[in-house]
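Next up, structure02.cif (mmCIF, C-alpha atoms):
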data_protein
#
loop_
_atom_site.group_PDB
_atom_site.id
_atom_site.type_symbol
_atom_site.label_atom_id
_atom_site.label_comp_id
_atom_site.auth_asym_id
_atom_site.auth_seq_id
_atom_site.Cartn_x
_atom_site.Cartn_y
_atom_site.Cartn_z
ATOM 1 C CA MET A 1 107.387 105.955 88.868
ATOM 2 C CA ASN A 2 104.198 105.172 90.837
ATOM 3 C CA ASN A 3 102.546 103.570 87.805
ATOM 4 C CA GLU A 4 105.670 101.506 87.103
ATOM 5 C CA LYS A 5 105.810 100.454 90.743
ATOM 6 C CA GLU A 6 102.135 99.439 90.816
ATOM 7 C CA GLN A 7 102.526 97.368 87.654
ATOM 8 C CA PHE A 8 105.557 95.652 89.153
ATOM 9 C CA ARG A 9 103.665 95.043 92.417
ATOM 10 C CA ARG A 10 100.741 93.446 90.557
ATOM 11 C CA ARG A 11 103.114 91.192 88.660
ATOM 12 C CA MET A 12 104.902 90.081 91.827
ATOM 13 C CA LEU A 13 101.619 89.537 93.702
ATOM 14 C CA ASN A 14 100.574 87.200 90.880
ATOM 15 C CA GLU A 15 103.916 85.397 91.206
ATOM 16 C CA GLN A 16 103.341 85.150 94.954
ATOM 17 C CA LYS A 17 99.894 83.607 94.465
ATOM 18 C CA ARG A 18 101.350 80.985 92.122
ATOM 19 C CA LEU A 19 103.972 79.721 94.567
ATOM 20 C CA PRO A 20 103.365 76.003 95.220
ATOM 21 C CA ASP A 21 102.262 75.153 98.764
ATOM 22 C CA GLU A 22 105.122 72.664 99.149
ATOM 23 C CA TYR A 23 107.646 75.350 98.220
ATOM 24 C CA VAL A 24 106.130 77.879 100.667
ATOM 25 C CA LEU A 25 106.270 75.343 103.536
ATOM 26 C CA HIS A 26 109.818 74.189 102.755
ATOM 27 C CA ALA A 27 111.226 77.684 102.177
ATOM 28 C CA SER A 28 109.469 79.043 105.282
ATOM 29 C CA ARG A 29 111.038 76.337 107.435
ATOM 30 C CA ILE A 30 114.541 77.217 106.190
ATOM 31 C CA ILE A 31 114.022 80.984 106.519
ATOM 32 C CA GLN A 32 112.760 80.599 110.092
ATOM 33 C CA GLU A 33 115.767 78.420 110.980
ATOM 34 C CA LYS A 34 118.048 81.140 109.593
ATOM 35 C CA VAL A 35 116.335 83.803 111.699
ATOM 36 C CA LEU A 36 116.609 81.685 114.860
ATOM 37 C CA SER A 37 120.343 81.223 114.215
ATOM 38 C CA LEU A 38 121.057 84.955 113.717
ATOM 39 C CA LYS A 39 123.220 86.471 116.449
ATOM 40 C CA GLN A 40 120.902 89.464 116.410
ATOM 41 C CA TYR A 41 117.906 87.260 117.157
ATOM 42 C CA GLN A 42 119.670 85.337 119.885
ATOM 43 C CA SER A 43 120.893 88.477 121.645
ATOM 44 C CA ALA A 44 117.740 90.591 121.138
ATOM 45 C CA GLN A 45 115.741 91.276 124.279
ATOM 46 C CA SER A 46 112.918 92.708 122.171
ATOM 47 C CA ILE A 47 111.781 91.649 118.716
ATOM 48 C CA PHE A 48 109.220 93.022 116.284
ATOM 49 C CA LEU A 49 107.859 90.700 113.643
ATOM 50 C CA TYR A 50 104.967 90.511 111.258
ATOM 51 C CA VAL A 51 102.271 87.862 111.688
ATOM 52 C CA SER A 52 102.508 85.958 108.420
ATOM 53 C CA THR A 53 99.713 85.244 105.966
ATOM 54 C CA ASP A 54 99.629 82.093 103.834
ATOM 55 C CA ARG A 55 101.770 83.436 100.944
ATOM 56 C CA GLU A 56 104.507 85.047 103.072
ATOM 57 C CA PRO A 57 107.465 83.381 104.769
ATOM 58 C CA SER A 58 105.920 81.998 107.944
ATOM 59 C CA THR A 59 106.808 83.592 111.272
ATOM 60 C CA LEU A 60 104.828 81.205 113.490
ATOM 61 C CA ARG A 61 107.859 79.258 114.703
ATOM 62 C CA ILE A 62 109.770 82.479 115.402
ATOM 63 C CA LEU A 63 106.808 83.970 117.282
ATOM 64 C CA THR A 64 106.431 80.824 119.375
ATOM 65 C CA HIS A 65 110.164 80.529 120.082
ATOM 66 C CA ALA A 66 110.511 84.216 120.993
ATOM 67 C CA LEU A 67 107.571 84.055 123.413
ATOM 68 C CA GLN A 68 108.855 80.843 125.019
ATOM 69 C CA SER A 69 112.368 82.318 125.291
ATOM 70 C CA GLY A 70 111.148 85.261 127.342
ATOM 71 C CA LYS A 71 111.804 87.911 124.691
ATOM 72 C CA ALA A 72 109.549 90.952 124.578
ATOM 73 C CA VAL A 73 107.548 90.263 121.407
ATOM 74 C CA TYR A 74 105.916 93.066 119.420
ATOM 75 C CA VAL A 75 103.695 92.757 116.342
ATOM 76 C CA PRO A 76 102.128 95.303 113.961
ATOM 77 C CA LYS A 77 98.884 97.054 114.839
ATOM 78 C CA CYS A 78 97.499 99.397 112.167
ATOM 79 C CA ILE A 79 95.604 102.195 113.909
ATOM 80 C CA SER A 80 94.938 104.322 110.818
ATOM 81 C CA ARG A 81 95.681 104.393 107.106
ATOM 82 C CA GLN A 82 98.953 106.148 107.952
ATOM 83 C CA GLU A 83 100.187 104.676 111.231
ATOM 84 C CA MET A 84 101.338 101.279 112.409
ATOM 85 C CA LEU A 85 102.333 100.632 116.021
ATOM 86 C CA ALA A 86 104.613 97.951 117.455
ATOM 87 C CA VAL A 87 102.369 96.394 120.114
ATOM 88 C CA ARG A 88 103.504 93.839 122.690
ATOM 89 C CA ILE A 89 101.876 90.424 122.929
ATOM 90 C CA ARG A 90 102.472 87.727 125.522
ATOM 91 C CA SER A 91 100.503 84.959 123.807
ATOM 92 C CA LEU A 92 99.350 84.008 120.304
ATOM 93 C CA ALA A 93 95.828 83.880 121.765
ATOM 94 C CA GLU A 94 95.846 87.702 121.836
ATOM 95 C CA LEU A 95 95.764 87.820 118.013
ATOM 96 C CA ALA A 96 92.596 88.134 115.921
ATOM 97 C CA PRO A 97 91.950 89.289 112.324
ATOM 98 C CA GLY A 98 92.308 93.068 112.106
ATOM 99 C CA ALA A 99 91.462 95.768 109.562
ATOM 100 C CA TRP A 100 93.267 94.048 106.656
ATOM 101 C CA GLY A 101 92.321 90.526 107.724
ATOM 102 C CA ILE A 102 95.809 90.045 109.182
ATOM 103 C CA PRO A 103 95.999 88.756 112.769
ATOM 104 C CA GLU A 104 96.844 91.551 115.195
ATOM 105 C CA PRO A 105 96.145 92.378 118.859
ATOM 106 C CA LEU A 106 92.655 93.751 119.421
ATOM 107 C CA HIS A 107 93.676 95.201 122.801
ATOM 108 C CA TRP A 108 97.107 96.237 124.027
ATOM 109 C CA ALA A 109 98.764 97.982 126.918
ATOM 110 C CA GLU A 110 102.335 98.396 125.701
ATOM 111 C CA GLU A 111 103.981 99.670 122.540
ATOM 112 C CA ILE A 112 107.538 100.506 121.525
ATOM 113 C CA LYS A 113 109.336 102.690 118.960
ATOM 114 C CA ALA A 114 111.449 101.146 116.195
ATOM 115 C CA ASP A 115 114.751 102.494 117.549
ATOM 116 C CA ALA A 116 114.227 100.694 120.890
ATOM 117 C CA LEU A 117 113.848 97.233 119.309
ATOM 118 C CA GLY A 118 116.629 94.646 119.175
ATOM 119 C CA LEU A 119 115.467 93.083 115.887
ATOM 120 C CA ILE A 120 112.774 93.946 113.338
ATOM 121 C CA LEU A 121 111.518 91.310 110.873
ATOM 122 C CA VAL A 122 109.859 92.819 107.815
ATOM 123 C CA PRO A 123 107.608 91.193 105.166
ATOM 124 C CA CYS A 124 107.586 92.008 101.466
ATOM 125 C CA VAL A 125 105.947 91.240 98.155
ATOM 126 C CA SER A 126 109.410 91.231 96.591
ATOM 127 C CA ALA A 127 112.919 92.352 97.504
ATOM 128 C CA SER A 128 116.380 92.594 96.020
ATOM 129 C CA LEU A 129 119.395 91.113 97.727
ATOM 130 C CA ASP A 130 120.877 94.608 98.095
ATOM 131 C CA GLY A 131 117.978 95.695 100.323
ATOM 132 C CA LYS A 132 115.351 97.236 98.072
ATOM 133 C CA ARG A 133 111.912 96.159 99.326
ATOM 134 C CA LEU A 134 108.504 96.171 97.680
ATOM 135 C CA GLY A 135 105.604 96.099 100.125
ATOM 136 C CA HIS A 136 101.859 96.136 99.544
ATOM 137 C CA GLY A 137 101.833 99.869 98.848
ATOM 138 C CA ALA A 138 100.427 101.390 102.048
ATOM 139 C CA GLY A 139 103.863 102.573 103.252
ATOM 140 C CA TYR A 140 103.450 101.406 106.866
ATOM 141 C CA TYR A 141 106.900 99.846 107.155
ATOM 142 C CA ASP A 142 108.683 102.679 105.327
ATOM 143 C CA ARG A 143 107.221 105.186 107.793
ATOM 144 C CA PHE A 144 107.837 102.923 110.806
ATOM 145 C CA LEU A 145 111.483 102.313 109.814
ATOM 146 C CA ALA A 146 112.362 105.771 108.476
ATOM 147 C CA GLY A 147 115.872 106.531 109.745
ATOM 148 C CA LYS A 148 115.796 103.456 112.021
ATOM 149 C CA ALA A 149 116.226 100.466 109.695
ATOM 150 C CA ASP A 150 119.645 99.370 111.002
ATOM 151 C CA ARG A 151 118.122 96.415 112.921
ATOM 152 C CA ALA A 152 115.696 95.367 110.171
ATOM 153 C CA VAL A 153 115.756 92.058 108.306
ATOM 154 C CA CYS A 154 113.450 91.399 105.355
ATOM 155 C CA LEU A 155 112.184 87.831 104.870
ATOM 156 C CA CYS A 156 111.572 86.944 101.221
ATOM 157 C CA PHE A 157 111.098 83.776 99.214
ATOM 158 C CA HIS A 158 113.993 83.417 96.788
ATOM 159 C CA ARG A 159 111.574 82.985 93.889
ATOM 160 C CA LEU A 160 110.298 86.530 94.568
ATOM 161 C CA ILE A 161 113.753 88.136 94.610
ATOM 162 C CA SER A 162 114.168 90.711 91.839
ATOM 163 C CA ASP A 163 116.871 93.213 90.931
ATOM 164 C CA ASP A 164 114.325 95.383 89.100
ATOM 165 C CA ILE A 165 112.388 96.844 92.032
ATOM 166 C CA PRO A 166 111.489 100.490 91.357
ATOM 167 C CA ILE A 167 112.089 102.629 94.450
ATOM 168 C CA THR A 168 111.409 106.216 95.495
ATOM 169 C CA ASP A 169 113.057 108.525 98.035
ATOM 170 C CA ASN A 170 110.560 107.354 100.670
ATOM 171 C CA ASP A 171 111.509 103.679 100.363
ATOM 172 C CA VAL A 172 113.689 102.332 103.167
ATOM 173 C CA ILE A 173 116.660 100.123 102.269
ATOM 174 C CA ILE A 174 116.805 97.009 104.475
ATOM 175 C CA PRO A 175 120.305 95.976 105.668
ATOM 176 C CA LEU A 176 119.702 92.218 105.340
ATOM 177 C CA VAL A 177 117.358 90.232 103.095
ATOM 178 C CA LEU A 178 117.000 86.571 104.120
ATOM 179 C CA THR A 179 115.788 83.894 101.724
ATOM 180 C CA GLU A 180 115.894 80.113 101.840
ATOM 181 C CA GLU A 181 118.979 80.149 99.590
ATOM 182 C CA GLU A 182 122.611 80.734 100.566
ATOM 183 C CA GLY A 183 124.586 83.916 99.928
ATOM 184 C CA GLU A 184 122.485 86.777 101.272
ATOM 185 C CA LYS A 185 123.912 90.257 100.965
ATOM 186 C CA THR A 186 123.906 92.886 103.661
ATOM 187 C CA ALA A 187 123.790 96.481 102.454
ATOM 188 C CA GLY A 188 126.295 95.963 99.668
ATOM 189 C CA ARG A 189 128.471 93.221 101.147
ATOM 190 C CA THR A 190 127.955 89.470 100.834
ATOM 191 C CA GLU A 191 127.458 87.987 104.288
ATOM 192 C CA GLY A 192 124.810 86.264 106.333
ATOM 193 C CA ARG A 193 124.922 88.600 109.330
ATOM 194 C CA LEU A 194 124.357 92.230 110.235
ATOM 195 C CA ASP A 195 127.241 92.287 112.733
#

Rendering of file as structure tokens:
Amino acid sequence: MNNEKEQFRRRMLNEQKRLPDEYVLHASRIIQEKVLSLKQYQSAQSIFLYVSTDREPSTLRILTHALQSGKAVYVPKCISRQEMLAVRIRSLAELAPGAWGIPEPLHWAEEIKADALGLILVPCVSASLDGKRLGHGAGYYDRFLAGKADRAVCLCFHRLISDDIPITDNDVIIPLVLTEEEGEKTAGRTEGRLD
């Protein structure tokens, strides 16, 4: 299974690299608008979201909006090869490239557990509309969300959606996968909300 999964990951990473810049910008704008219109986002007092890289659905607008709206905003901080923390930021200026080259807080005073968050936005290399998620292979999000994924939403470009994602017992199923297209499914039912 691991070999099959790694081959699939390599293939999808190549697909990700080939996405046209115009598509990434356009799809990111739509995905961010969808997140901002979610009831879960609007009602969440605390939100955890990844800081996007150039080939992922952008989260910059969501980060900015959440900070300006007075939400408690948490982002990933990898403290070892096994553990990722949800660390609070109060400004984008607190972010700098971390261990993987991804912007993260260099210093922090406050962290939170997954089950105390109102909404968790998760990145992927690929996902299926029924909640299977393929990450980069380090397992950070699967460990962070284990048994606590009920408030998680995966953001994925529609061109990277696949029904063929190999999964293992350790892989967490995400209740809602959002793309720029219509007709998302939530954990086996076709809807656009978790509620």

* To do: Could you give me, as a list in words, the residues within 6 Å of range 112-121 of chain A, counting only C-alpha atoms and dropping anything in the same chain fewer than 2 positions from it?
  =>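 Result of the neighbour search: Ala44, Ser46, Ile47, Phe48, Leu49, Ala86, Lys148, Arg151, Ala152, Val153 and Cys154 of chain A.
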
Within 10 Å of range 54-63 of chain A: each range 122-188 of chain A residue with its shortest pair, all atoms listed in the file, as a Markdown table:
| residue | atom | partner | partner_atom | distance |
| --- | --- | --- | --- | --- |
| A:Pro123 | CA | A:Glu56 | CA | 7.2 |
| A:Cys124 | CA | A:Glu56 | CA | 7.8 |
| A:Val125 | CA | A:Glu56 | CA | 8.0 |
| A:Leu155 | CA | A:Pro57 | CA | 6.5 |
| A:Cys156 | CA | A:Pro57 | CA | 6.5 |
| A:Phe157 | CA | A:Pro57 | CA | 6.6 |
| A:Thr179 | CA | A:Pro57 | CA | 8.9 |
| A:Glu180 | CA | A:Pro57 | CA | 9.5 |

* To do: May I ask for the distance between CA of Leu178 in chain A and CA of His158 in chain A, given in Å to one decimal place?
  =>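 Interatomic distance here is 8.5 Å.
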
* Pro105 in chain A environment, 8 Å, all atoms listed in the file, sequence neighbours closer than 6 positions dropped, as a ChimeraX atom specification -> /A:75,77,87,89,94-96,98

* Can you list what the PyMOL selection byres ((chain A and resi 102) around 10) grabs from this structure, as an MDAnalysis selection string? -> chainID A and resid 50:53 76:78 95:101 103:105

Centre and size of axis-aligned box enclosing range 28-32 of chain A plus 3 Å each side, as JSON:
{"center_x": 112.0, "center_y": 78.7, "center_z": 107.7, "size_x": 11.1, "size_y": 10.6, "size_z": 10.8}

* Asked: On this structure, which residues satisfy the PyMOL selection byres ((chain A and resi 172) around 10), written as a VMD selection string?
  -> chain A and resid 131 to 134 139 141 to 149 167 to 171 173 to 175

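Comparing A:Ala66, A:Ala109, A:Ala27, A:Leu13 by their smallest distance to Leu85 in chain A, the closest is A:Ala109 (using all atoms listed in the file).
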
* Could you check which of A:Glu110, A:Glu15, A:Glu181, A:Glu4 is closest to Arg88 in chain A, using all atoms listed in the file? => A:Glu110

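Going from CA of Ile165 in chain A over to CA of Phe8 in chain A, you cover 7.5 Å.
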
* When you draw a straight line from CA of Gly135 in chain A to CA of Glu33 in chain A, how long is it in Å? ->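 If I compute the distance from CA of Gly135 in chain A to CA of Glu33 in chain A, I get 23.1 Å.
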
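With distances restricted to all atoms listed in the file, A:Gly137 is the closest residue to Gln7 in chain A from A:Tyr41, A:Gly137, A:Arg29, A:Val24.
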
* Asked: Which of these, A:Leu176, A:Leu67, A:Ala72, A:Leu106, has the shortest distance to Leu92 in chain A once you count only C-alpha atoms?
  -> A:Leu67

* Asked: What's the 9 Å shell around Arg81 in chain A, counting all atoms listed in the file, without same-chain residues fewer than 3 positions away, as JSON, numbers by chain?
  -> {"A": [78, 84, 138, 140]}

With C-alpha atoms retained, write the just-selected residues as a short mmCIF file (atom, residue, chain, number, x, y, z; two decimals), keeping the file's coordinate frame.
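The resulting file, part-v6.cif, is reproduced below:
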data_model
loop_
_atom_site.label_atom_id
_atom_site.label_comp_id
_atom_site.auth_asym_id
_atom_site.auth_seq_id
_atom_site.Cartn_x
_atom_site.Cartn_y
_atom_site.Cartn_z
CA CYS A 78 97.50 99.40 112.17
CA MET A 84 101.34 101.28 112.41
CA ALA A 138 100.43 101.39 102.05
CA TYR A 140 103.45 101.41 106.87
#

Supply range 67-102 of chain A as a CSV table (one decimal), keeping the file's coordinate frame, with N, CA and C atoms built in where the input has gaps.
chain,number,residue,atom,x,y,z
A,67,LEU,N,108.4,84.0,122.2
A,67,LEU,CA,107.6,84.1,123.4
A,67,LEU,C,108.1,83.1,124.5
A,68,GLN,N,108.4,81.9,124.1
A,68,GLN,CA,108.9,80.8,125.0
A,68,GLN,C,110.2,81.2,125.6
A,69,SER,N,111.0,82.0,124.8
A,69,SER,CA,112.4,82.3,125.3
A,69,SER,C,112.4,83.5,126.2
A,70,GLY,N,111.2,84.1,126.5
A,70,GLY,CA,111.1,85.3,127.3
A,70,GLY,C,111.5,86.6,126.7
A,71,LYS,N,111.6,86.6,125.4
A,71,LYS,CA,111.8,87.9,124.7
A,71,LYS,C,110.5,88.8,124.7
A,72,ALA,N,110.7,90.1,124.7
A,72,ALA,CA,109.5,91.0,124.6
A,72,ALA,C,109.2,90.9,123.1
A,73,VAL,N,108.0,90.5,122.8
A,73,VAL,CA,107.5,90.3,121.4
A,73,VAL,C,106.5,91.3,121.0
A,74,TYR,N,106.8,92.0,119.9
A,74,TYR,CA,105.9,93.1,119.4
A,74,TYR,C,105.5,92.7,118.0
A,75,VAL,N,104.2,93.0,117.7
A,75,VAL,CA,103.7,92.8,116.3
A,75,VAL,C,103.0,94.0,115.8
A,76,PRO,N,102.8,94.1,114.5
A,76,PRO,CA,102.1,95.3,114.0
A,76,PRO,C,100.7,95.4,114.4
A,77,LYS,N,100.3,96.7,114.6
A,77,LYS,CA,98.9,97.1,114.8
A,77,LYS,C,98.6,98.3,114.0
A,78,CYS,N,97.8,98.2,113.0
A,78,CYS,CA,97.5,99.4,112.2
A,78,CYS,C,96.4,100.2,112.8
A,79,ILE,N,96.6,101.4,113.2
A,79,ILE,CA,95.6,102.2,113.9
A,79,ILE,C,95.0,103.3,113.0
A,80,SER,N,95.5,103.4,111.8
A,80,SER,CA,94.9,104.3,110.8
A,80,SER,C,95.5,103.9,109.5
A,81,ARG,N,95.1,104.7,108.4
A,81,ARG,CA,95.7,104.4,107.1
A,81,ARG,C,97.1,104.9,107.0
A,82,GLN,N,97.6,105.6,108.0
A,82,GLN,CA,99.0,106.1,108.0
A,82,GLN,C,99.9,105.6,109.0
A,83,GLU,N,99.3,105.0,110.1
A,83,GLU,CA,100.2,104.7,111.2
A,83,GLU,C,100.1,103.2,111.7
A,84,MET,N,101.2,102.6,111.9
A,84,MET,CA,101.3,101.3,112.4
A,84,MET,C,102.1,101.3,113.7
A,85,LEU,N,101.6,100.7,114.7
A,85,LEU,CA,102.3,100.6,116.0
A,85,LEU,C,103.0,99.3,116.2
A,86,ALA,N,104.0,99.2,117.0
A,86,ALA,CA,104.6,98.0,117.5
A,86,ALA,C,104.0,97.7,118.8
A,87,VAL,N,103.1,96.7,118.9
A,87,VAL,CA,102.4,96.4,120.1
A,87,VAL,C,102.8,95.1,120.7
A,88,ARG,N,103.0,95.0,122.0
A,88,ARG,CA,103.5,93.8,122.7
A,88,ARG,C,102.4,92.8,122.9
A,89,ILE,N,102.8,91.5,122.6
A,89,ILE,CA,101.9,90.4,122.9
A,89,ILE,C,102.6,89.5,123.9
A,90,ARG,N,101.9,88.7,124.6
A,90,ARG,CA,102.5,87.7,125.5
A,90,ARG,C,102.0,86.3,125.2
A,91,SER,N,101.1,86.2,124.2
A,91,SER,CA,100.5,85.0,123.8
A,91,SER,C,99.9,85.1,122.4
A,92,LEU,N,100.0,84.0,121.6
A,92,LEU,CA,99.4,84.0,120.3
A,92,LEU,C,97.8,84.1,120.4
A,93,ALA,N,97.3,83.8,121.6
A,93,ALA,CA,95.8,83.9,121.8
A,93,ALA,C,95.3,85.3,121.7
A,94,GLU,N,96.2,86.3,121.9
A,94,GLU,CA,95.8,87.7,121.8
A,94,GLU,C,95.6,88.2,120.4
A,95,LEU,N,95.9,87.4,119.4
A,95,LEU,CA,95.8,87.8,118.0
A,95,LEU,C,94.4,87.4,117.4
A,96,ALA,N,93.8,88.4,116.6
A,96,ALA,CA,92.6,88.1,115.9
A,96,ALA,C,92.7,89.0,114.6
A,97,PRO,N,91.9,88.5,113.6
A,97,PRO,CA,92.0,89.3,112.3
A,97,PRO,C,91.6,90.8,112.5
A,98,GLY,N,92.5,91.6,112.0
A,98,GLY,CA,92.3,93.1,112.1
A,98,GLY,C,91.7,93.7,110.8
A,99,ALA,N,92.0,95.0,110.6
A,99,ALA,CA,91.5,95.8,109.6
A,99,ALA,C,91.7,95.2,108.2
A,100,TRP,N,92.9,94.6,108.0
A,100,TRP,CA,93.3,94.0,106.7
A,100,TRP,C,93.1,92.5,106.6
A,101,GLY,N,92.5,92.0,107.7
A,101,GLY,CA,92.3,90.5,107.7
A,101,GLY,C,93.6,89.8,108.3
A,102,ILE,N,94.6,90.6,108.6
A,102,ILE,CA,95.8,90.0,109.2
A,102,ILE,C,95.7,90.0,110.7
